[in-house]
Each structure stands twice: as structure tokens, then as C-alpha cells.
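Structure file input29.txt (compact mmCIF, C-alpha atoms) follows.
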```txt
# COMPACT_ATOMS: atom_id res chain seq x y z
CA MET A 1 36.04 62.76 186.72
CA PRO A 2 37.40 59.60 185.16
CA GLN A 3 34.64 58.54 182.79
CA VAL A 4 34.38 59.98 179.28
CA PRO A 5 31.56 62.52 179.28
CA SER A 6 28.59 61.38 177.25
CA GLU A 7 27.28 63.43 174.36
CA ARG A 8 24.32 64.51 176.38
CA ALA A 9 26.38 65.59 179.37
CA GLU A 10 28.61 67.60 177.06
CA PHE A 11 25.59 69.27 175.50
CA ILE A 12 24.29 70.23 178.94
CA ASP A 13 27.69 71.55 179.94
CA GLY A 14 27.53 73.71 176.82
CA LEU A 15 24.15 75.08 177.89
CA ARG A 16 25.61 75.84 181.32
CA ALA A 17 28.57 77.66 179.81
CA PHE A 18 26.10 79.83 177.94
CA VAL A 19 24.38 81.23 181.04
CA PRO A 20 26.95 83.92 181.93
CA MET A 21 27.37 84.69 178.22
CA SER A 22 23.72 85.68 177.95
CA MET A 23 24.69 88.83 179.84
CA SER A 24 26.54 90.09 176.80
CA ILE A 25 24.30 88.58 174.14
CA LEU A 26 20.93 89.81 175.44
CA PRO A 27 21.66 93.55 175.53
CA PHE A 28 23.63 93.36 172.29
CA GLY A 29 20.74 91.62 170.51
CA LEU A 30 18.24 94.10 171.91
CA VAL A 31 20.29 97.02 170.62
CA CYS A 32 20.81 95.31 167.25
CA GLY A 33 17.09 94.84 166.80
CA ALA A 34 16.28 98.37 167.88
CA ALA A 35 18.97 99.82 165.61
CA ALA A 36 17.67 97.86 162.63
CA SER A 37 14.11 99.04 163.08
CA ASN A 38 15.25 102.63 163.67
CA ALA A 39 17.35 102.51 160.50
CA GLY A 40 14.21 101.97 158.48
CA LEU A 41 14.37 98.25 157.91
CA THR A 42 11.00 96.52 158.07
CA THR A 43 10.33 94.16 160.96
CA GLY A 44 10.74 91.21 158.60
CA GLN A 45 14.07 92.50 157.33
CA ALA A 46 15.34 93.22 160.82
CA LEU A 47 14.51 89.70 161.94
CA ALA A 48 15.89 88.17 158.75
CA MET A 49 19.20 89.89 159.49
CA SER A 50 19.46 87.99 162.73
CA TRP A 51 18.90 84.57 161.33
CA VAL A 52 20.55 85.00 157.92
CA ILE A 53 23.64 86.87 159.13
CA PHE A 54 23.75 85.98 162.84
CA ALA A 55 26.76 88.20 163.56
CA GLY A 56 26.16 91.18 165.83
CA SER A 57 29.06 93.40 164.86
CA ALA A 58 28.40 92.98 161.15
CA GLN A 59 24.67 93.57 161.71
CA ILE A 60 25.25 96.76 163.68
CA ALA A 61 27.82 98.11 161.23
CA SER A 62 25.78 97.32 158.14
CA THR A 63 22.67 98.78 159.76
CA GLN A 64 24.52 102.02 160.46
CA LEU A 65 25.98 102.12 156.95
CA PHE A 66 22.55 101.45 155.48
CA ALA A 67 21.04 104.26 157.54
CA GLY A 68 23.86 106.54 156.38
CA GLY A 69 23.08 105.78 152.75
CA ALA A 70 26.26 103.86 151.94
CA PRO A 71 26.32 101.97 148.62
CA LEU A 72 25.71 98.22 148.68
CA LEU A 73 29.29 97.39 147.72
CA VAL A 74 30.70 99.33 150.68
CA ILE A 75 28.28 97.64 153.06
CA LEU A 76 29.25 94.19 151.77
CA ALA A 77 32.98 94.99 151.91
CA THR A 78 32.73 96.32 155.46
CA ALA A 79 30.78 93.30 156.66
CA THR A 80 33.41 91.09 155.03
CA VAL A 81 36.28 92.79 156.84
CA ILE A 82 34.46 92.70 160.16
CA ASN A 83 33.78 89.00 159.76
CA LEU A 84 37.30 88.14 158.62
CA ARG A 85 37.91 87.15 162.22
CA PHE A 86 35.74 84.07 161.60
CA LEU A 87 38.44 82.81 159.23
CA MET A 88 40.82 82.83 162.16
CA TYR A 89 38.33 81.19 164.51
CA GLY A 90 37.46 78.56 161.91
CA ALA A 91 41.10 77.81 161.25
CA SER A 92 41.63 77.29 164.95
CA LEU A 93 38.49 75.18 165.42
CA ALA A 94 39.40 73.02 162.41
CA GLN A 95 41.96 71.37 164.68
CA GLY A 96 39.18 69.62 166.55
CA PHE A 97 36.24 69.76 164.17
CA GLY A 98 37.98 69.24 160.83
CA GLY A 99 37.24 65.53 160.88
CA LEU A 100 33.49 65.82 161.41
CA ASP A 101 31.09 65.28 158.54
CA ARG A 102 29.90 68.12 156.35
CA ARG A 103 26.56 68.60 158.08
CA TRP A 104 28.20 69.05 161.47
CA GLN A 105 30.71 71.44 159.94
CA ALA A 106 27.97 73.49 158.31
CA ALA A 107 26.08 73.72 161.61
CA ILE A 108 29.23 74.65 163.52
CA ALA A 109 30.08 77.27 160.92
CA TYR A 110 26.63 78.85 160.92
CA LEU A 111 26.58 79.04 164.73
CA LEU A 112 30.11 80.43 165.09
CA THR A 113 30.35 83.55 167.28
CA ASP A 114 33.09 85.29 169.27
CA GLN A 115 31.69 83.92 172.50
CA ALA A 116 31.18 80.33 171.28
CA TYR A 117 34.70 80.28 169.89
CA ALA A 118 36.33 81.68 173.01
CA LEU A 119 34.57 79.30 175.42
CA THR A 120 35.12 76.24 173.22
CA ILE A 121 38.84 76.94 172.96
CA ILE A 122 39.06 77.38 176.71
CA ARG A 123 37.32 74.05 177.23
CA ARG A 124 39.49 72.32 174.64
CA SER A 125 42.63 73.45 176.44
CA GLY A 126 41.19 72.20 179.74
CA SER A 127 42.69 69.07 181.23
CA GLN A 128 39.84 66.64 180.63
CA ARG A 129 40.00 66.84 176.79
CA PRO A 130 36.38 65.92 176.13
CA ALA A 131 35.79 63.47 173.34
CA HIS A 132 32.49 65.08 172.42
CA LEU A 133 33.59 68.69 172.22
CA HIS A 134 31.23 69.32 169.28
CA TRP A 135 28.27 68.52 171.52
CA PHE A 136 29.49 71.06 174.05
CA TYR A 137 29.78 73.55 171.20
CA LEU A 138 26.28 72.73 169.98
CA GLY A 139 24.77 73.35 173.42
CA LEU A 140 26.64 76.61 173.85
CA ALA A 141 26.23 77.98 170.33
CA GLY A 142 22.66 76.72 169.97
CA ALA A 143 21.60 78.50 173.15
CA THR A 144 23.40 81.60 171.90
CA TRP A 145 21.42 81.43 168.67
CA VAL A 146 18.05 81.13 170.42
CA CYS A 147 18.93 83.95 172.81
CA TRP A 148 20.07 86.16 169.94
CA GLN A 149 16.86 85.64 167.96
CA LEU A 150 14.66 86.38 170.98
CA ALA A 151 16.70 89.44 171.92
CA THR A 152 16.51 90.89 168.41
CA ILE A 153 12.78 90.30 168.23
CA ALA A 154 12.40 92.10 171.55
CA GLY A 155 14.64 94.90 170.27
CA VAL A 156 12.62 95.32 167.08
CA LEU A 157 9.33 95.38 168.96
CA LEU A 158 10.36 97.47 171.96
CA GLY A 159 13.20 99.56 170.53
CA ASN A 160 11.01 102.45 169.55
CA LEU A 161 9.33 102.63 172.93
CA VAL A 162 12.54 103.62 174.72
CA PRO A 163 13.22 107.35 174.53
CA PRO A 164 16.58 108.26 172.94
CA SER A 165 17.47 110.34 176.01
CA TRP A 166 18.12 107.10 177.87
CA SER A 167 21.15 106.65 175.60
CA LEU A 168 20.70 102.88 175.56
CA ASP A 169 22.60 102.76 172.27
CA PHE A 170 25.68 103.21 174.45
CA ILE A 171 25.32 99.55 175.46
CA VAL A 172 26.81 98.56 172.10
CA PRO A 173 30.19 100.27 172.54
CA LEU A 174 30.19 99.06 176.14
CA THR A 175 29.83 95.41 175.10
CA PHE A 176 32.58 95.94 172.54
CA ILE A 177 34.81 97.49 175.19
CA ALA A 178 34.20 94.45 177.38
CA MET A 179 35.27 92.16 174.53
CA LEU A 180 38.16 94.33 173.31
CA VAL A 181 40.00 95.04 176.54
CA PRO A 182 40.85 91.42 177.40
CA LEU A 183 42.39 91.05 173.91
CA LEU A 184 44.96 93.75 174.58
CA GLY A 185 47.58 91.40 175.95
CA ASP A 186 50.63 92.62 174.05
CA ARG A 187 51.91 95.82 172.50
CA PRO A 188 51.25 95.06 168.83
CA MET A 189 47.64 94.28 169.74
CA VAL A 190 47.27 97.59 171.62
CA LEU A 191 48.75 99.41 168.66
CA ALA A 192 46.37 97.65 166.24
CA ALA A 193 43.40 98.71 168.36
CA ALA A 194 44.64 102.28 168.86
CA THR A 195 45.31 102.70 165.14
CA GLY A 196 41.97 101.20 164.19
CA GLY A 197 40.09 103.42 166.61
CA GLY A 198 42.03 106.57 165.82
CA ALA A 199 41.80 106.11 162.08
CA ALA A 200 38.05 105.48 162.25
CA VAL A 201 37.65 108.91 163.87
CA LEU A 202 40.16 110.89 161.83
CA LEU A 203 39.65 109.48 158.36
CA LEU A 204 36.99 111.42 156.54
CA LEU A 205 36.37 109.14 153.61
CA PRO A 206 33.45 109.27 151.22
CA LEU A 207 30.90 106.45 151.08
CA GLN A 208 31.42 105.55 154.73
CA LEU A 209 34.64 103.75 153.94
CA ASN A 210 36.21 104.77 157.29
CA LEU A 211 35.41 101.58 159.12
CA ILE A 212 36.90 99.21 156.57
CA ALA A 213 39.96 101.44 155.99
CA ALA A 214 40.53 101.92 159.71
CA ALA A 215 40.29 98.19 160.39
CA LEU A 216 42.84 97.43 157.67
CA LEU A 217 45.19 100.16 158.96
CA GLY A 218 44.89 98.76 162.46
CA VAL A 219 45.79 95.27 161.26
CA ALA A 220 48.75 96.68 159.32
CA ALA A 221 49.94 98.62 162.37
CA GLY A 222 49.81 95.49 164.50
CA MET A 223 51.80 93.49 161.96
CA VAL A 224 54.44 96.21 161.60
CA ALA A 225 54.77 96.50 165.37
CA GLU A 226 55.20 92.76 165.69
CA LYS A 227 57.75 92.61 162.91
CA PHE A 228 59.93 95.38 164.29
CA GLY A 229 60.14 93.96 167.77
CA GLY A 230 57.53 95.93 169.62
CA GLY A 231 57.63 92.60 171.38
CA ARG A 232 55.60 91.53 174.30
CA MET B 233 22.02 93.27 151.16
CA ILE B 234 20.97 90.93 153.98
CA ILE B 235 21.35 87.82 151.86
CA GLY B 236 24.69 89.01 150.48
CA ILE B 237 26.11 89.59 153.95
CA GLY B 238 24.63 86.30 155.10
CA VAL B 239 26.29 84.34 152.30
CA ILE B 240 29.66 86.02 152.80
CA THR B 241 29.51 85.51 156.55
CA PHE B 242 28.66 81.83 156.20
CA LEU B 243 31.47 81.25 153.73
CA LEU B 244 33.99 82.95 156.01
CA ARG B 245 32.87 80.69 158.84
CA PHE B 246 32.63 77.50 156.81
CA ALA B 247 35.65 77.62 154.51
CA PRO B 248 38.39 77.12 157.10
CA LEU B 249 36.52 74.28 158.81
CA ALA B 250 35.87 72.47 155.55
CA LEU B 251 39.18 73.10 153.81
CA LEU B 252 41.80 73.53 156.47
CA ALA B 253 42.26 69.87 157.15
CA ARG B 254 44.11 69.93 153.82
CA LEU B 255 45.19 73.54 153.40
CA GLN B 256 47.49 75.55 155.64
CA LEU B 257 47.02 79.32 155.81
CA ALA B 258 50.09 81.35 154.85
CA GLY B 259 52.01 82.55 157.89
CA TRP B 260 51.59 86.25 157.21
CA LEU B 261 47.86 85.82 156.76
CA GLN B 262 47.53 84.06 160.11
CA GLN B 263 49.49 86.91 161.66
CA ALA B 264 47.22 89.49 160.07
CA LEU B 265 44.04 87.71 161.16
CA ARG B 266 45.19 87.83 164.77
CA PHE B 267 44.77 91.61 164.74
CA VAL B 268 41.39 91.76 162.99
CA PRO B 269 39.15 91.53 166.09
CA ALA B 270 40.96 94.26 168.03
CA ALA B 271 41.23 96.62 165.05
CA VAL B 272 37.60 96.15 164.04
CA MET B 273 36.18 96.54 167.54
CA ALA B 274 38.20 99.69 168.21
CA ALA B 275 37.08 101.14 164.88
CA ILE B 276 33.45 100.49 165.82
CA ILE B 277 33.78 101.87 169.34
CA ALA B 278 35.62 105.12 168.65
CA PRO B 279 33.59 107.17 166.13
CA PRO B 280 30.37 107.55 168.16
CA LEU B 281 32.45 109.01 170.99
CA PHE B 282 33.58 111.86 168.74
CA PHE B 283 30.75 112.49 166.34
CA ALA B 284 27.28 113.54 167.14
CA VAL B 285 25.01 111.35 165.02
CA GLY B 286 25.25 112.45 161.41
CA ALA B 287 27.46 115.46 162.09
CA PRO B 288 30.40 115.84 159.71
CA ASN B 289 32.79 117.50 162.13
CA ILE B 290 34.50 116.27 165.24
CA VAL B 291 32.62 117.22 168.39
CA PRO B 292 33.87 115.17 171.32
CA ASP B 293 31.02 113.85 173.40
CA LEU B 294 32.55 114.28 176.86
CA PRO B 295 30.15 112.19 178.95
CA ARG B 296 30.44 109.32 176.49
CA MET B 297 34.22 109.50 176.31
CA ALA B 298 34.59 109.60 180.09
CA ALA B 299 32.10 106.78 180.58
CA ALA B 300 33.87 104.72 177.90
CA ALA B 301 37.24 105.26 179.60
CA LEU B 302 35.79 104.21 182.92
CA ALA B 303 34.18 101.16 181.31
CA ALA B 304 37.54 100.17 179.80
CA LEU B 305 39.10 100.37 183.25
CA ILE B 306 36.31 98.24 184.71
CA ALA B 307 36.65 95.70 181.88
CA TRP B 308 40.40 95.57 182.54
CA ARG B 309 40.05 94.98 186.26
CA THR B 310 36.99 92.71 186.37
CA ARG B 311 36.85 91.03 182.91
CA SER B 312 33.09 91.06 183.41
CA THR B 313 30.79 92.05 180.57
CA LEU B 314 27.89 92.57 182.94
CA LEU B 315 29.77 94.93 185.27
CA THR B 316 31.24 96.82 182.32
CA VAL B 317 27.84 97.41 180.76
CA VAL B 318 25.96 98.22 183.97
CA LEU B 319 28.58 100.52 185.49
CA GLY B 320 29.29 102.09 182.11
CA MET B 321 25.63 103.01 181.66
CA LEU B 322 25.36 104.33 185.23
CA ALA B 323 28.49 106.42 184.65
CA LEU B 324 27.06 107.82 181.42
CA TRP B 325 23.78 108.82 183.06
CA ALA B 326 25.58 110.41 186.00
CA LEU B 327 27.93 112.34 183.73
CA GLN B 328 25.11 113.46 181.46
CA ALA B 329 23.22 114.74 184.48
CA LEU B 330 26.29 116.55 185.79
CA LEU B 331 27.59 118.01 182.53
CA GLY B 332 24.14 118.55 181.19
```
Have the structure of the file written as C-alpha cells, please.
Amino acid sequence: MPQVPSERAEFIDGLRAFVPMSMSILPFGLVCGAAASNAGLTTGQALAMSWVIFAGSAQIASTQLFAGGAPLLVILATATVINLRFLMYGASLAQGFGGLDRRWQAAIAYLLTDQAYALTIIRRSGSQRPAHLHWFYLGLAGATWVCWQLATIAGVLLGNLVPPSWSLDFIVPLTFIAMLVPLLGDRPMVLAAATGGGAAVLLLLPLQLNLIAAALLGVAAGMVAEKFGGGR
Amino acid sequence: MIIGIGVITFLLRFAPLALLARLQLAGWLQQALRFVPAAVMAAIIAPPLFFAVGAPNIVPDLPRMAAAALAALIAWRTRSTLLTVVLGMLALWALQALLG
């Protein structure tokens, strides 16, 4: 394909890239919405979470902490640690999007998700080096946003109709497993995950601090392993 | 709470895009951030496999653990979110029916 892709073609390619992603976003959004309404948030609050925060893992974790009666400060700190990964994504995306104007950057930032980041990086490293990568991103991330809002609304409205014995809450760890496993490419990464998971189970900390402490321990374990030649 | 998390989340997403043209993250920080997704996801996945909801003591939930292990294997072999979720759920239902 010799010609430079137009903005519109890039945008449509972004929409196309979203289609398989909807398989992970739909069930996750449904579960997020259902969890929020089960945790005692009002419908308005549950929906506000999805458009104000727009970050599934942080929404799920803060919903669970809220239901468990954790103090506000712990909830905020946990959400911060969970979303620290956006710093890394943003730093990496800045290589292509750093030169755009502020409004584009704000839109890109608000729409940033694990999936949008991963697919955009894959496309950037592709051979054709599209000149309008931000339009691709907008199509992909915009579709993700719409899908997420609809899925949470459906989850809030329908969540209580599904009997707990169906164990549909298990979809959440399953989607996380699907995202986690491909990350485990080298030994320090495996160790970081194992430490994070193990510590989250074994640590019995007050105020629901396990998640944040376990995540930090996992990161530390990964760094130590890398430093002392766990190697790849 | 919602607005607080929303503001923090936006800043975490926006700051590197807006500032990083000028600023370079310290090396150790970049290294640390590489491990955040894996550590966080594992920490979210693991506890519900061991605790019944709200229970203070460790009670392994065998069907869930086995189904999670199977799902990890499927994710490893297929890299497909859809297959992982669908087969994982089917495995959980089958195991729950068997182990009762």
C-alpha cells in the first residue's frame, strides 16, 4: 500500500481493530456495572464511575474496597497504584503523540486503556508507519469508550437479575488472566506477578491495604530479580 | 471518591504525554513501571480464589482455582481473551457441578 493513509482511513482502521477487543471489554464492563450496583452505589454513581474514571481495574478494585468499608484514602491510594501503569503507557505513547496539541493530548489521555495502548504500539511498530496514528487511536479508543459505557449501563440494569449461583463474577479474574499471561515473557515478570498474587492472599492487613501492598511488593520483586540476573 | 479517582486517573494518563517531550523518566522508575501491570493484575486475581466473600480466613475455593489454572493454560496457548473467558466459565460450571 504505497499511498499515505488518509485520516479517515486510519480512523476506520482503528474501529476495525476494536472489533476483536470488544470481546474483552463487553463482559468486563458488564461485570463492572453489576459489581457497582451490588456494592450499593446508586445507578447514577455507577454510571458516573464509568465516564469519570473509565478504567476497569481501578473501578472494580475501588468498588470492592468501597463495599468492604475501606477508608477513602485507602481507596484513592489503591486506585493510584493500579493506574500507575498509565504513566508507563503515556511515556511510551509520548514518542508519537508528544507533538500534538493540548486538546488532542487530553483526549488521548482520557481514552487511554490497556487495550488501546497495546494495539496502537503494535500498529506503530508495523512496517507502514502511518502518518495519522492518532486518528487510528481515536477510532480504536473512541469505540472502546462507547462500548464500555454501554456495557456498564447494561451491567447496572441487568446485574441484579442474574442469580449469584451462575458465578458470572468469575469473568473478571478470567479477563485479567487473559491479559496477564501474555505479559509473562521473562523471569522477573513472572516473579513480580507471583509475588503480587501471593502477597495479596497472605497479607492480612487492616483497612484493605493488601492490594496496594501486594502490588508494590510484586514490583519490588521484579526489580530485584532483574538486578540480580534472573535474566531472560 | 469517584471524582477523586477520576482526577488522579486522568493526571496519570495525561502527565507523561504532556510533559515527557521535555522530561525523561529516571531509569529505575521506568524499570519499576514495567512490572506494575503484572503485579497489579495478579494481586487482583488471586484473593477471590482463596477467600470466600467477606471471610477472614483462607478457604481455598477448589473449583475456582482449578478453573483459573485451566484458563491460564488456555490464555498461554491461544492468547485469546474470548476463548479464555468462555472455556474458563464452562470449566468453573463443570467443576462446581462435579465437586458440588
| message | From (31.5, 87.2, 153.8), in the file's coordinates, out to 10 Å: which residues are reached, counting all atoms listed in the file? Answer as a list of chain:residue names. | response |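 Those residues, ordered by chain and then number, are A:Ile53, A:Ala58, A:Leu76, A:Ala77, A:Thr78, A:Ala79, A:Thr80, A:Val81, A:Ile82, A:Asn83, A:Leu84, A:Phe86, A:Leu87, B:Gly236, B:Ile237, B:Gly238, B:Val239, B:Ile240, B:Thr241, B:Phe242, B:Leu243, B:Leu244, B:Arg245.
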Output file for the selection above: C-alpha atoms, as a PDB file, in the coordinates of the input:
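Everything below was put into selection_36.pdb:
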```
ATOM      1  CA  ILE A  53      23.640  86.870 159.130  1.00  0.00           C
ATOM      2  CA  ALA A  58      28.400  92.980 161.150  1.00  0.00           C
ATOM      3  CA  LEU A  76      29.250  94.190 151.770  1.00  0.00           C
ATOM      4  CA  ALA A  77      32.980  94.990 151.910  1.00  0.00           C
ATOM      5  CA  THR A  78      32.730  96.320 155.460  1.00  0.00           C
ATOM      6  CA  ALA A  79      30.780  93.300 156.660  1.00  0.00           C
ATOM      7  CA  THR A  80      33.410  91.090 155.030  1.00  0.00           C
ATOM      8  CA  VAL A  81      36.280  92.790 156.840  1.00  0.00           C
ATOM      9  CA  ILE A  82      34.460  92.700 160.160  1.00  0.00           C
ATOM     10  CA  ASN A  83      33.780  89.000 159.760  1.00  0.00           C
ATOM     11  CA  LEU A  84      37.300  88.140 158.620  1.00  0.00           C
ATOM     12  CA  PHE A  86      35.740  84.070 161.600  1.00  0.00           C
ATOM     13  CA  LEU A  87      38.440  82.810 159.230  1.00  0.00           C
TER      14      LEU A  87
ATOM     15  CA  GLY B 236      24.690  89.010 150.480  1.00  0.00           C
ATOM     16  CA  ILE B 237      26.110  89.590 153.950  1.00  0.00           C
ATOM     17  CA  GLY B 238      24.630  86.300 155.100  1.00  0.00           C
ATOM     18  CA  VAL B 239      26.290  84.340 152.300  1.00  0.00           C
ATOM     19  CA  ILE B 240      29.660  86.020 152.800  1.00  0.00           C
ATOM     20  CA  THR B 241      29.510  85.510 156.550  1.00  0.00           C
ATOM     21  CA  PHE B 242      28.660  81.830 156.200  1.00  0.00           C
ATOM     22  CA  LEU B 243      31.470  81.250 153.730  1.00  0.00           C
ATOM     23  CA  LEU B 244      33.990  82.950 156.010  1.00  0.00           C
ATOM     24  CA  ARG B 245      32.870  80.690 158.840  1.00  0.00           C
TER      25      ARG B 245
END
```
| said: For a test of reading the model, state the distance in Å between CA of Arg266 in chain B and CA of Ile177 in chain A, rounded to one decimal. | reply: 17.6 Å
| field | Residues within 7 Å of (43.2, 96.1, 163.7), counting all atoms listed in the file, listed as a list of chain:residue names | value |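 Counting all atoms listed in the file, I find these residues within 7 Å of (43.2, 96.1, 163.7): A:Ala192, A:Ala193, A:Gly196, A:Ala215, A:Leu216, A:Leu217, A:Gly218, A:Val219, A:Gly222, B:Phe267, B:Val268, B:Pro269, B:Ala270, B:Ala271, B:Val272.
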Using all atoms of range 264-278 of chain B listed in the file and a margin of 5 Å per side, can you give the axis-aligned box centre and edge lengths in Å to one decimal, as AutoDock Vina command-line options?
```
--center_x 40.3 --center_y 96.4 --center_z 164.7 --size_x 23.8 --size_y 27.4 --size_z 19.3
```
| CA of His134 in chain A to CA of Gln115 in chain A, straight-line distance in Å |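 These atoms are spaced 15.0 Å apart.
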Shell around Ala247 in chain B at 10 Å using only C-alpha atoms, local window under 5 positions removed, as a PDB file with C-alpha atoms, keeping the file's coordinate frame:
```pdb
ATOM      1  CA  PHE A  86      35.740  84.070 161.600  1.00  0.00           C
ATOM      2  CA  LEU A  87      38.440  82.810 159.230  1.00  0.00           C
ATOM      3  CA  GLY A  90      37.460  78.560 161.910  1.00  0.00           C
ATOM      4  CA  ALA A  91      41.100  77.810 161.250  1.00  0.00           C
ATOM      5  CA  ALA A  94      39.400  73.020 162.410  1.00  0.00           C
ATOM      6  CA  GLN A 105      30.710  71.440 159.940  1.00  0.00           C
ATOM      7  CA  ALA A 106      27.970  73.490 158.310  1.00  0.00           C
ATOM      8  CA  ALA A 109      30.080  77.270 160.920  1.00  0.00           C
TER       9      ALA A 109
ATOM     10  CA  PHE B 242      28.660  81.830 156.200  1.00  0.00           C
ATOM     11  CA  LEU B 252      41.800  73.530 156.470  1.00  0.00           C
TER      12      LEU B 252
END
```
| message | Could you check the closest approach to Phe28 in chain A for each of A:Gly139, A:Gly155, A:Pro188, A:Pro71 and tell me which residue wins, using all atoms listed in the file? | response |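 Ranking A:Gly139, A:Gly155, A:Pro188, A:Pro71 by distance to Phe28 in chain A, first place goes to A:Gly155.
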| query | For chain A, which residue out of B:Pro295, B:Thr316, B:Leu261, B:Ala301 is the nearest one, using all atoms listed in the file? | reply | B:Thr316
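If you measure from each of B:Ile235, B:Ala264, B:Met273, B:Asp293 to Gly56 in chain A using only C-alpha atoms, the closest one turns out to be B:Met273.
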| said: Ranking A:Ala200, A:Val146, A:Leu41, A:Leu15 by minimum distance to chain B and counting all atoms listed in the file, which one comes first? | reply: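 Closest to chain B, using all atoms listed in the file: A:Ala200.
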| task | Just give me the gap between CA of Ala323 in chain B and CA of Ala299 in chain B in Å, one decimal is fine. | result | 5.5 Å
Need to verify the contact set: Trp51 in chain A, 9 Å, only C-alpha atoms, exclusion of same-chain residues closer than 2 positions in sequence. Can you return it as a compact mmCIF listing (two decimals) with C-alpha atoms, keeping the file's coordinate frame?
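Saved result, selection35.txt, follows:
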```
# COMPACT_ATOMS: atom_id res chain seq x y z
CA LEU A 47 14.51 89.70 161.94
CA ALA A 48 15.89 88.17 158.75
CA MET A 49 19.20 89.89 159.49
CA ILE A 53 23.64 86.87 159.13
CA PHE A 54 23.75 85.98 162.84
CA ALA A 55 26.76 88.20 163.56
CA TRP A 145 21.42 81.43 168.67
CA TRP A 148 20.07 86.16 169.94
CA GLN A 149 16.86 85.64 167.96
CA GLY B 238 24.63 86.30 155.10
```
| Can you tell me, as a PyMOL selection string, what residues are no more than 12 Å from range 162-165 of chain A when counting only C-alpha atoms, ignoring any on the same chain fewer than 2 positions away? | (chain A and resi 30-31+34-35+38+154-160+167-170) or (chain B and resi 285+324-325+328-329+332)
| field | Nearest to Trp308 in chain B, chosen from A:Met179, A:Met223, A:Leu211, A:Met23, with only C-alpha atoms counted in the distances | value |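 Checking each of A:Met179, A:Met223, A:Leu211, A:Met23 against Trp308 in chain B, counting only C-alpha atoms, the winner is A:Met179.
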Do you know which residues are at most 9 Å from Ala143 in chain A counting all atoms listed in the file, after dropping those on the same chain fewer than 6 positions away, and could you put them as an mmCIF file with C-alpha atoms, in the coordinates of the input?
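And here's selection_9.cif as it stands now:
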```cif
data_model
loop_
_atom_site.group_PDB
_atom_site.id
_atom_site.type_symbol
_atom_site.label_atom_id
_atom_site.label_comp_id
_atom_site.auth_asym_id
_atom_site.auth_seq_id
_atom_site.Cartn_x
_atom_site.Cartn_y
_atom_site.Cartn_z
ATOM 1 C CA GLY A 14 27.530 73.710 176.820
ATOM 2 C CA LEU A 15 24.150 75.080 177.890
ATOM 3 C CA PHE A 18 26.100 79.830 177.940
ATOM 4 C CA VAL A 19 24.380 81.230 181.040
ATOM 5 C CA SER A 22 23.720 85.680 177.950
#
```
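Between chain B and the residues A:Gln59, A:Ser125, A:Thr43, A:Ser37, the shortest atom-to-atom distance, using only C-alpha atoms, involves A:Gln59.
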